[in-house]
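Enquirer: This structure is in structure tokens; I'll ask about it shortly.
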Amino acid sequence: MFDLPDDPVSLRSFLERSPDFVALSDFTGRILYINPAGSTLIGLDDVADIGQLSALELLTSDGVDLTDDIAAGLLSEGKWEGYCELRHHVTGTGMPVVVSSYVIPRDDGGADVVASTIRHRHTVEQRNARIAADAVVAGRHAQEQKALADLSRFAVIAELPSLLTAATATAATLIGVGNSAIAHLEHPSDPYLTMDAASGVLGMRQDIPSGDGSLVGLALTLSEPVVCNDCHTENRFRTDTMISLGLRSGVGVPIFTAAGKAWGVLSIHSVEARLYRDEEVSFLSSVAGIVSAAIRRIDLELQLRRRSTHDALTGLPNRTLAYEVIDSALNRARQQSGTVALLLLDIDDFKIINDSLGHDAGDRALVKFVERLASAIRDADTIARLGGDEFLIVCEGVDSVAHAEELARHITSSIAVPFSAEDVPIPLSASIGIAVSEPNSTRHELIHRADLAMYRAKDSGTGGHAVFDPTDLYDADRIRSLSIDLRAALRADELTLAYQPLVDIASRKIVAVEALARWNHHELGPIEPSEFVGVAERTGLATPLGAWALRTACTAAARWRTFSDIVVRVNVSALQLRDPDFPAEVASILTETGLPAFALGLEVTETVWVADTERVADTVSALHAMGVALLLDDMGKGHSSMSYLDRYPMFECFKIDKSYIARLPAPRARAIVSAIVALARAFDVTVVGEGVETEEQLEALAATGCDFAQGYLLGRPVGAGAIADLLLGAG
């Protein structure tokens, strides 16, 4: 055995463990060393002394023929590489090998050594083939990854139809088939899938059977990949669709939604029988996964779009989408010389439901109302909820204003039909404002006109409609202008109170005064109270106006009571009664002015707007507990005024509406007033007849047993100083 000079243990271990044939020889051809792998390869395991062997003994005759070339290469270049043939020492058979030989100089001055690494040629070819195959697989994998990356980037920006087409093309190209498709099922009960994208012969069929009627249908039903290598041996699904298209094999992989439900199927088909590798099915699943992610993205975008354009409670289009619908309708109307009508609808008295039963009940009532409203419009019309209890109906193809009014009347009659067996009261009436477009109408202009008309409809009573009139613009401008000036007048304390006496009919003595707001506009002169109070209620100034009147009246009354037992009466609106802080405000004003609570009477005006609500009941009860007198104004005018006497027993007085007093002393009017007085007696409350202008009216009123009277006959509204003089004179 040749002894390696300065041989480290690691080097010997490496040589002896090497799987390749490693040999050392000198230039005479004598073998110096063969490692165990080499001995095994050529059958030299039993040879006792390898050092006695010659290199020529290891070669076949063909191998010996190459020795001159090998020697020449080693001497000239110090190496030789090439094919050779070894002889098996036992069987004598030749073994084709690949040889790499190198000259290794000796450091100790001895003869140079030739080191040879030898591999069986078959092993080398196998390795090279394996490397080549790995390279092909790596290349295919790289192509697939690039295709998936490109498809993923496209999926972020593409519309769904474009993405589905790209996905089928990617699947067909990378798998190497000419036929691919994506199909989905619209409804579970549908017998056929809808073809969304297809290449090759698959584009010829739009009626792919669902369920086990096709490969695609089965993949969708099972929600897992289905592989068919040969349809002639297939028994899981019917193959007539594939056969009719000349297809022999295929793969279908499901496409899932965000909820994990199979939405559709990506499939590829070949005209030949084919074994589909797991890697190919996995690639198709990856393509389907990208489509799934895109569908989830698009669904999310649609949800977000719907949330931004639809009302969450009713599902109706909201203001944003309504504006888009109006703009589109007006564009079409201009192109077709047509007309668009807007119907702005506001539910009457809906606040009563919210205040009395709560917002949950109000929401349920709104949903039921919308169902009724939706059934009352034409299929082509669009309903939108603008907010709260306000709705907008966009009507195209309206022939005239009369046609628009006909639509409004139909809606009014449809929603007026009583509901049965409902757990909440459903609104049965609404006020509708109508605006019909002109050739150059804008959306803003049309909505504004419908809004103005709707307010006029409300002013006319419940359940009605009104068509925009040009005078509405003047009214709107005046309301806007007056609201600005009224706010400034309140800040500058430019309003005044006039006081009208109430007298005891029997004694003709002044027992109380009613505070009446007056406004002398710096440019327009005196403004009627009915007008500026209406402006205040429309523009959110009713509460500050009421607070100002209450404080001013209490201040004056406190001064008068230093020399008189007079009481003051102040009108309050339903908005004030619905304010839970109103009792505290009244108590604060009484403390601030020093007026006793019993010297203050609050007249509830506009009874038609007073709601039988828990909030109002609490407010009225709190005021009554403070000792403040409560009076019901305009008795007989509101349709439910009398019912308040029963629902609110704390009312101690009511006033007969002046429309009845004006008809006295006519017998019919006298009978009505007598009945009202009798009713008051039954409820143990006092009665005031207002609007008395003649002695005949006063005498007739006295004959009915009425307690008090008020009117021009008994005293016109005058300033606080004049009232003080009257009281001092009476004293």
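Within each chain, counting starts at residue 1; across the structure tokens, chains are named A, B, ... in the order shown, with ligands numbered 1 upward in that order.
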For range 439-443 of chain A, find every residue with an atom within 10 Å (counting only C-alpha atoms), except residues of its own chain fewer than 5 positions away, and show them as a PyMOL selection string.

Expert: chain A and resi 323-331+333-335+337-340+342+448-449

Enquirer: Put those residues in a file: N, CA and C atoms, as a PDB file, in the first residue's frame.

Expert:
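Result file out-v1.pdb:
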ATOM      1  N   TYR A 323     -78.414  61.721  -6.110  1.00  0.00           N
ATOM      2  CA  TYR A 323     -77.904  62.818  -6.940  1.00  0.00           C
ATOM      3  C   TYR A 323     -77.381  62.289  -8.281  1.00  0.00           C
ATOM      4  N   GLU A 324     -76.707  61.129  -8.251  1.00  0.00           N
ATOM      5  CA  GLU A 324     -76.212  60.535  -9.495  1.00  0.00           C
ATOM      6  C   GLU A 324     -77.375  60.138 -10.398  1.00  0.00           C
ATOM      7  N   VAL A 325     -78.417  59.560  -9.795  1.00  0.00           N
ATOM      8  CA  VAL A 325     -79.590  59.148 -10.576  1.00  0.00           C
ATOM      9  C   VAL A 325     -80.259  60.364 -11.210  1.00  0.00           C
ATOM     10  N   ILE A 326     -80.377  61.449 -10.452  1.00  0.00           N
ATOM     11  CA  ILE A 326     -81.012  62.665 -10.990  1.00  0.00           C
ATOM     12  C   ILE A 326     -80.195  63.218 -12.149  1.00  0.00           C
ATOM     13  N   ASP A 327     -78.873  63.289 -11.966  1.00  0.00           N
ATOM     14  CA  ASP A 327     -78.017  63.808 -13.040  1.00  0.00           C
ATOM     15  C   ASP A 327     -78.170  62.981 -14.312  1.00  0.00           C
ATOM     16  N   SER A 328     -78.164  61.644 -14.160  1.00  0.00           N
ATOM     17  CA  SER A 328     -78.316  60.772 -15.337  1.00  0.00           C
ATOM     18  C   SER A 328     -79.682  60.962 -15.979  1.00  0.00           C
ATOM     19  N   ALA A 329     -80.713  61.067 -15.151  1.00  0.00           N
ATOM     20  CA  ALA A 329     -82.069  61.247 -15.687  1.00  0.00           C
ATOM     21  C   ALA A 329     -82.191  62.563 -16.444  1.00  0.00           C
ATOM     22  N   LEU A 330     -81.611  63.622 -15.900  1.00  0.00           N
ATOM     23  CA  LEU A 330     -81.673  64.919 -16.578  1.00  0.00           C
ATOM     24  C   LEU A 330     -80.900  64.894 -17.892  1.00  0.00           C
ATOM     25  N   ASN A 331     -79.765  64.183 -17.925  1.00  0.00           N
ATOM     26  CA  ASN A 331     -79.010  64.059 -19.180  1.00  0.00           C
ATOM     27  C   ASN A 331     -79.844  63.344 -20.239  1.00  0.00           C
ATOM     28  N   ALA A 333     -83.069  63.124 -20.308  1.00  0.00           N
ATOM     29  CA  ALA A 333     -84.198  63.978 -20.671  1.00  0.00           C
ATOM     30  C   ALA A 333     -83.788  65.027 -21.697  1.00  0.00           C
ATOM     31  N   ARG A 334     -82.580  65.600 -21.534  1.00  0.00           N
ATOM     32  CA  ARG A 334     -82.105  66.608 -22.494  1.00  0.00           C
ATOM     33  C   ARG A 334     -81.873  65.980 -23.865  1.00  0.00           C
ATOM     34  N   GLN A 335     -81.331  64.773 -23.894  1.00  0.00           N
ATOM     35  CA  GLN A 335     -81.055  64.107 -25.172  1.00  0.00           C
ATOM     36  C   GLN A 335     -82.332  63.686 -25.880  1.00  0.00           C
ATOM     37  N   SER A 337     -85.448  65.008 -25.225  1.00  0.00           N
ATOM     38  CA  SER A 337     -86.487  66.038 -25.065  1.00  0.00           C
ATOM     39  C   SER A 337     -87.592  65.546 -24.134  1.00  0.00           C
ATOM     40  N   GLY A 338     -87.180  64.898 -23.067  1.00  0.00           N
ATOM     41  CA  GLY A 338     -88.129  64.367 -22.098  1.00  0.00           C
ATOM     42  C   GLY A 338     -88.212  65.232 -20.855  1.00  0.00           C
ATOM     43  N   THR A 339     -88.896  64.715 -19.849  1.00  0.00           N
ATOM     44  CA  THR A 339     -89.133  65.460 -18.609  1.00  0.00           C
ATOM     45  C   THR A 339     -88.887  64.552 -17.417  1.00  0.00           C
ATOM     46  N   VAL A 340     -88.327  65.127 -16.364  1.00  0.00           N
ATOM     47  CA  VAL A 340     -88.092  64.419 -15.109  1.00  0.00           C
ATOM     48  C   VAL A 340     -88.875  65.123 -14.011  1.00  0.00           C
ATOM     49  N   LEU A 342     -89.395  65.290  -9.809  1.00  0.00           N
ATOM     50  CA  LEU A 342     -88.933  64.924  -8.481  1.00  0.00           C
ATOM     51  C   LEU A 342     -90.087  65.071  -7.512  1.00  0.00           C
ATOM     52  N   HIS A 448     -84.236  71.901  -4.993  1.00  0.00           N
ATOM     53  CA  HIS A 448     -84.637  73.086  -4.233  1.00  0.00           C
ATOM     54  C   HIS A 448     -86.113  73.397  -4.462  1.00  0.00           C
ATOM     55  N   ARG A 449     -86.552  73.272  -5.702  1.00  0.00           N
ATOM     56  CA  ARG A 449     -87.950  73.559  -6.006  1.00  0.00           C
ATOM     57  C   ARG A 449     -88.876  72.538  -5.343  1.00  0.00           C
TER      58      ARG A 449
END

Enquirer: Need to verify the contact set: range 223-238 of chain A, 6 Å, only C-alpha atoms, exclusion of same-chain residues closer than 5 positions in sequence. Can you return it as an NGL selection string?

Expert: :A and (212-214 or 248-254 or 262 or 273-275)

Enquirer: Run DSSP on the backbone and tell me which residues of range 91-252 of chain A come out as strand (DSSP E); list them as a ChimeraX atom specification.

Expert: /A:94-104,113-120,179-184,192-199,208-209,226-228,249-252

Enquirer: List the spatial neighbours of Asp459 in chain A as an MDAnalysis selection string - criterion: any atom at most 12 Å away, only C-alpha atoms, same-chain residues fewer than 2 positions off excluded.

Expert: chainID A and resid 348 431:433 452:457 461:466 534 538

Enquirer: Can you measure CA of Ile447 in chain A to CA of Arg409 in chain A for me? One decimal in Å is fine.

Expert: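 Taking CA of Ile447 in chain A as the start and CA of Arg409 in chain A as the end point, the length is 19.6 Å.
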
Enquirer: Closest to His444 in chain A among A:Ala322, A:Ala219, A:Val114, A:Leu56, using only C-alpha atoms?

Expert: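 Looking at the shortest contact to His444 in chain A, the residue is A:Ala322.
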
Enquirer: Based on the backbone DSSP call, show me all residues of range 403-543 of chain A assigned helix (DSSP H, G or I), as a ChimeraX atom specification.

Expert: /A:403-415,443-459,470-491,529-538,542-543

Enquirer: Could you turn the residues from that selection into a file that holds C-alpha atoms, as a PDB file, in the first residue's frame?

Expert:
ATOM      1  CA  HIS A 403     -99.022  63.451 -14.737  1.00  0.00           C
ATOM      2  CA  ALA A 404     -96.672  64.132 -11.812  1.00  0.00           C
ATOM      3  CA  GLU A 405     -99.620  65.083  -9.616  1.00  0.00           C
ATOM      4  CA  GLU A 406    -101.364  61.857 -10.602  1.00  0.00           C
ATOM      5  CA  LEU A 407     -98.311  59.903  -9.421  1.00  0.00           C
ATOM      6  CA  ALA A 408     -98.328  61.835  -6.140  1.00  0.00           C
ATOM      7  CA  ARG A 409    -102.047  61.158  -5.592  1.00  0.00           C
ATOM      8  CA  HIS A 410    -101.500  57.443  -6.225  1.00  0.00           C
ATOM      9  CA  ILE A 411     -98.695  57.382  -3.669  1.00  0.00           C
ATOM     10  CA  THR A 412    -100.832  59.260  -1.149  1.00  0.00           C
ATOM     11  CA  SER A 413    -103.764  56.872  -1.517  1.00  0.00           C
ATOM     12  CA  SER A 414    -101.514  53.798  -1.419  1.00  0.00           C
ATOM     13  CA  ILE A 415     -99.772  54.694   1.829  1.00  0.00           C
ATOM     14  CA  ARG A 443     -80.201  68.897 -10.146  1.00  0.00           C
ATOM     15  CA  HIS A 444     -79.682  71.510  -7.433  1.00  0.00           C
ATOM     16  CA  GLU A 445     -82.436  73.698  -8.842  1.00  0.00           C
ATOM     17  CA  LEU A 446     -84.907  70.821  -9.157  1.00  0.00           C
ATOM     18  CA  ILE A 447     -84.319  69.557  -5.599  1.00  0.00           C
ATOM     19  CA  HIS A 448     -84.637  73.086  -4.233  1.00  0.00           C
ATOM     20  CA  ARG A 449     -87.950  73.559  -6.006  1.00  0.00           C
ATOM     21  CA  ALA A 450     -89.308  70.234  -4.732  1.00  0.00           C
ATOM     22  CA  ASP A 451     -88.212  71.205  -1.223  1.00  0.00           C
ATOM     23  CA  LEU A 452     -90.039  74.513  -1.369  1.00  0.00           C
ATOM     24  CA  ALA A 453     -93.156  72.844  -2.709  1.00  0.00           C
ATOM     25  CA  MET A 454     -93.007  70.222   0.044  1.00  0.00           C
ATOM     26  CA  TYR A 455     -92.964  72.891   2.759  1.00  0.00           C
ATOM     27  CA  ARG A 456     -95.986  74.523   1.170  1.00  0.00           C
ATOM     28  CA  ALA A 457     -97.722  71.140   1.138  1.00  0.00           C
ATOM     29  CA  LYS A 458     -96.993  70.766   4.852  1.00  0.00           C
ATOM     30  CA  ASP A 459     -98.349  74.224   5.573  1.00  0.00           C
ATOM     31  CA  PRO A 470     -92.371  80.563  -8.778  1.00  0.00           C
ATOM     32  CA  THR A 471     -93.758  82.439  -5.793  1.00  0.00           C
ATOM     33  CA  ASP A 472     -92.199  79.721  -3.627  1.00  0.00           C
ATOM     34  CA  LEU A 473     -88.805  81.192  -4.501  1.00  0.00           C
ATOM     35  CA  TYR A 474     -89.882  84.536  -3.139  1.00  0.00           C
ATOM     36  CA  ASP A 475     -91.227  82.878   0.002  1.00  0.00           C
ATOM     37  CA  ALA A 476     -87.991  80.934   0.445  1.00  0.00           C
ATOM     38  CA  ASP A 477     -85.872  84.033  -0.009  1.00  0.00           C
ATOM     39  CA  ARG A 478     -88.030  85.903   2.479  1.00  0.00           C
ATOM     40  CA  ILE A 479     -87.848  83.084   5.017  1.00  0.00           C
ATOM     41  CA  ARG A 480     -84.066  82.932   4.662  1.00  0.00           C
ATOM     42  CA  SER A 481     -83.726  86.693   4.942  1.00  0.00           C
ATOM     43  CA  LEU A 482     -86.115  86.950   7.896  1.00  0.00           C
ATOM     44  CA  SER A 483     -84.390  84.109   9.733  1.00  0.00           C
ATOM     45  CA  ILE A 484     -81.059  85.936   9.488  1.00  0.00           C
ATOM     46  CA  ASP A 485     -82.610  89.190  10.680  1.00  0.00           C
ATOM     47  CA  LEU A 486     -84.611  87.470  13.435  1.00  0.00           C
ATOM     48  CA  ARG A 487     -81.488  85.850  14.817  1.00  0.00           C
ATOM     49  CA  ALA A 488     -79.796  89.252  14.858  1.00  0.00           C
ATOM     50  CA  ALA A 489     -82.858  90.882  16.453  1.00  0.00           C
ATOM     51  CA  LEU A 490     -82.844  88.305  19.260  1.00  0.00           C
ATOM     52  CA  ARG A 491     -79.175  88.975  19.937  1.00  0.00           C
ATOM     53  CA  PRO A 529     -96.358  87.317  14.516  1.00  0.00           C
ATOM     54  CA  SER A 530     -97.731  84.368  12.531  1.00  0.00           C
ATOM     55  CA  GLU A 531     -95.006  84.950   9.946  1.00  0.00           C
ATOM     56  CA  PHE A 532     -91.933  85.406  12.136  1.00  0.00           C
ATOM     57  CA  VAL A 533     -93.023  82.662  14.565  1.00  0.00           C
ATOM     58  CA  GLY A 534     -93.378  80.344  11.547  1.00  0.00           C
ATOM     59  CA  VAL A 535     -89.903  81.390  10.369  1.00  0.00           C
ATOM     60  CA  ALA A 536     -88.543  80.669  13.837  1.00  0.00           C
ATOM     61  CA  GLU A 537     -90.033  77.169  13.841  1.00  0.00           C
ATOM     62  CA  ARG A 538     -88.622  76.376  10.384  1.00  0.00           C
ATOM     63  CA  ALA A 542     -88.353  78.717  18.111  1.00  0.00           C
ATOM     64  CA  THR A 543     -86.540  77.729  21.302  1.00  0.00           C
TER      65      THR A 543
END

Enquirer: Rounded to one decimal place, report the CA of Phe598 in chain A-CA of Ala703 in chain A distance in Å.

Expert: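 Pair CA of Phe598 in chain A / CA of Ala703 in chain A returns 29.0 Å.
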
Enquirer: So, counting only C-alpha atoms, which residue among A:Ser507, A:Ser210, A:Ser180, A:Ser101 is closest to Ala71 in chain A?

Expert: A:Ser101
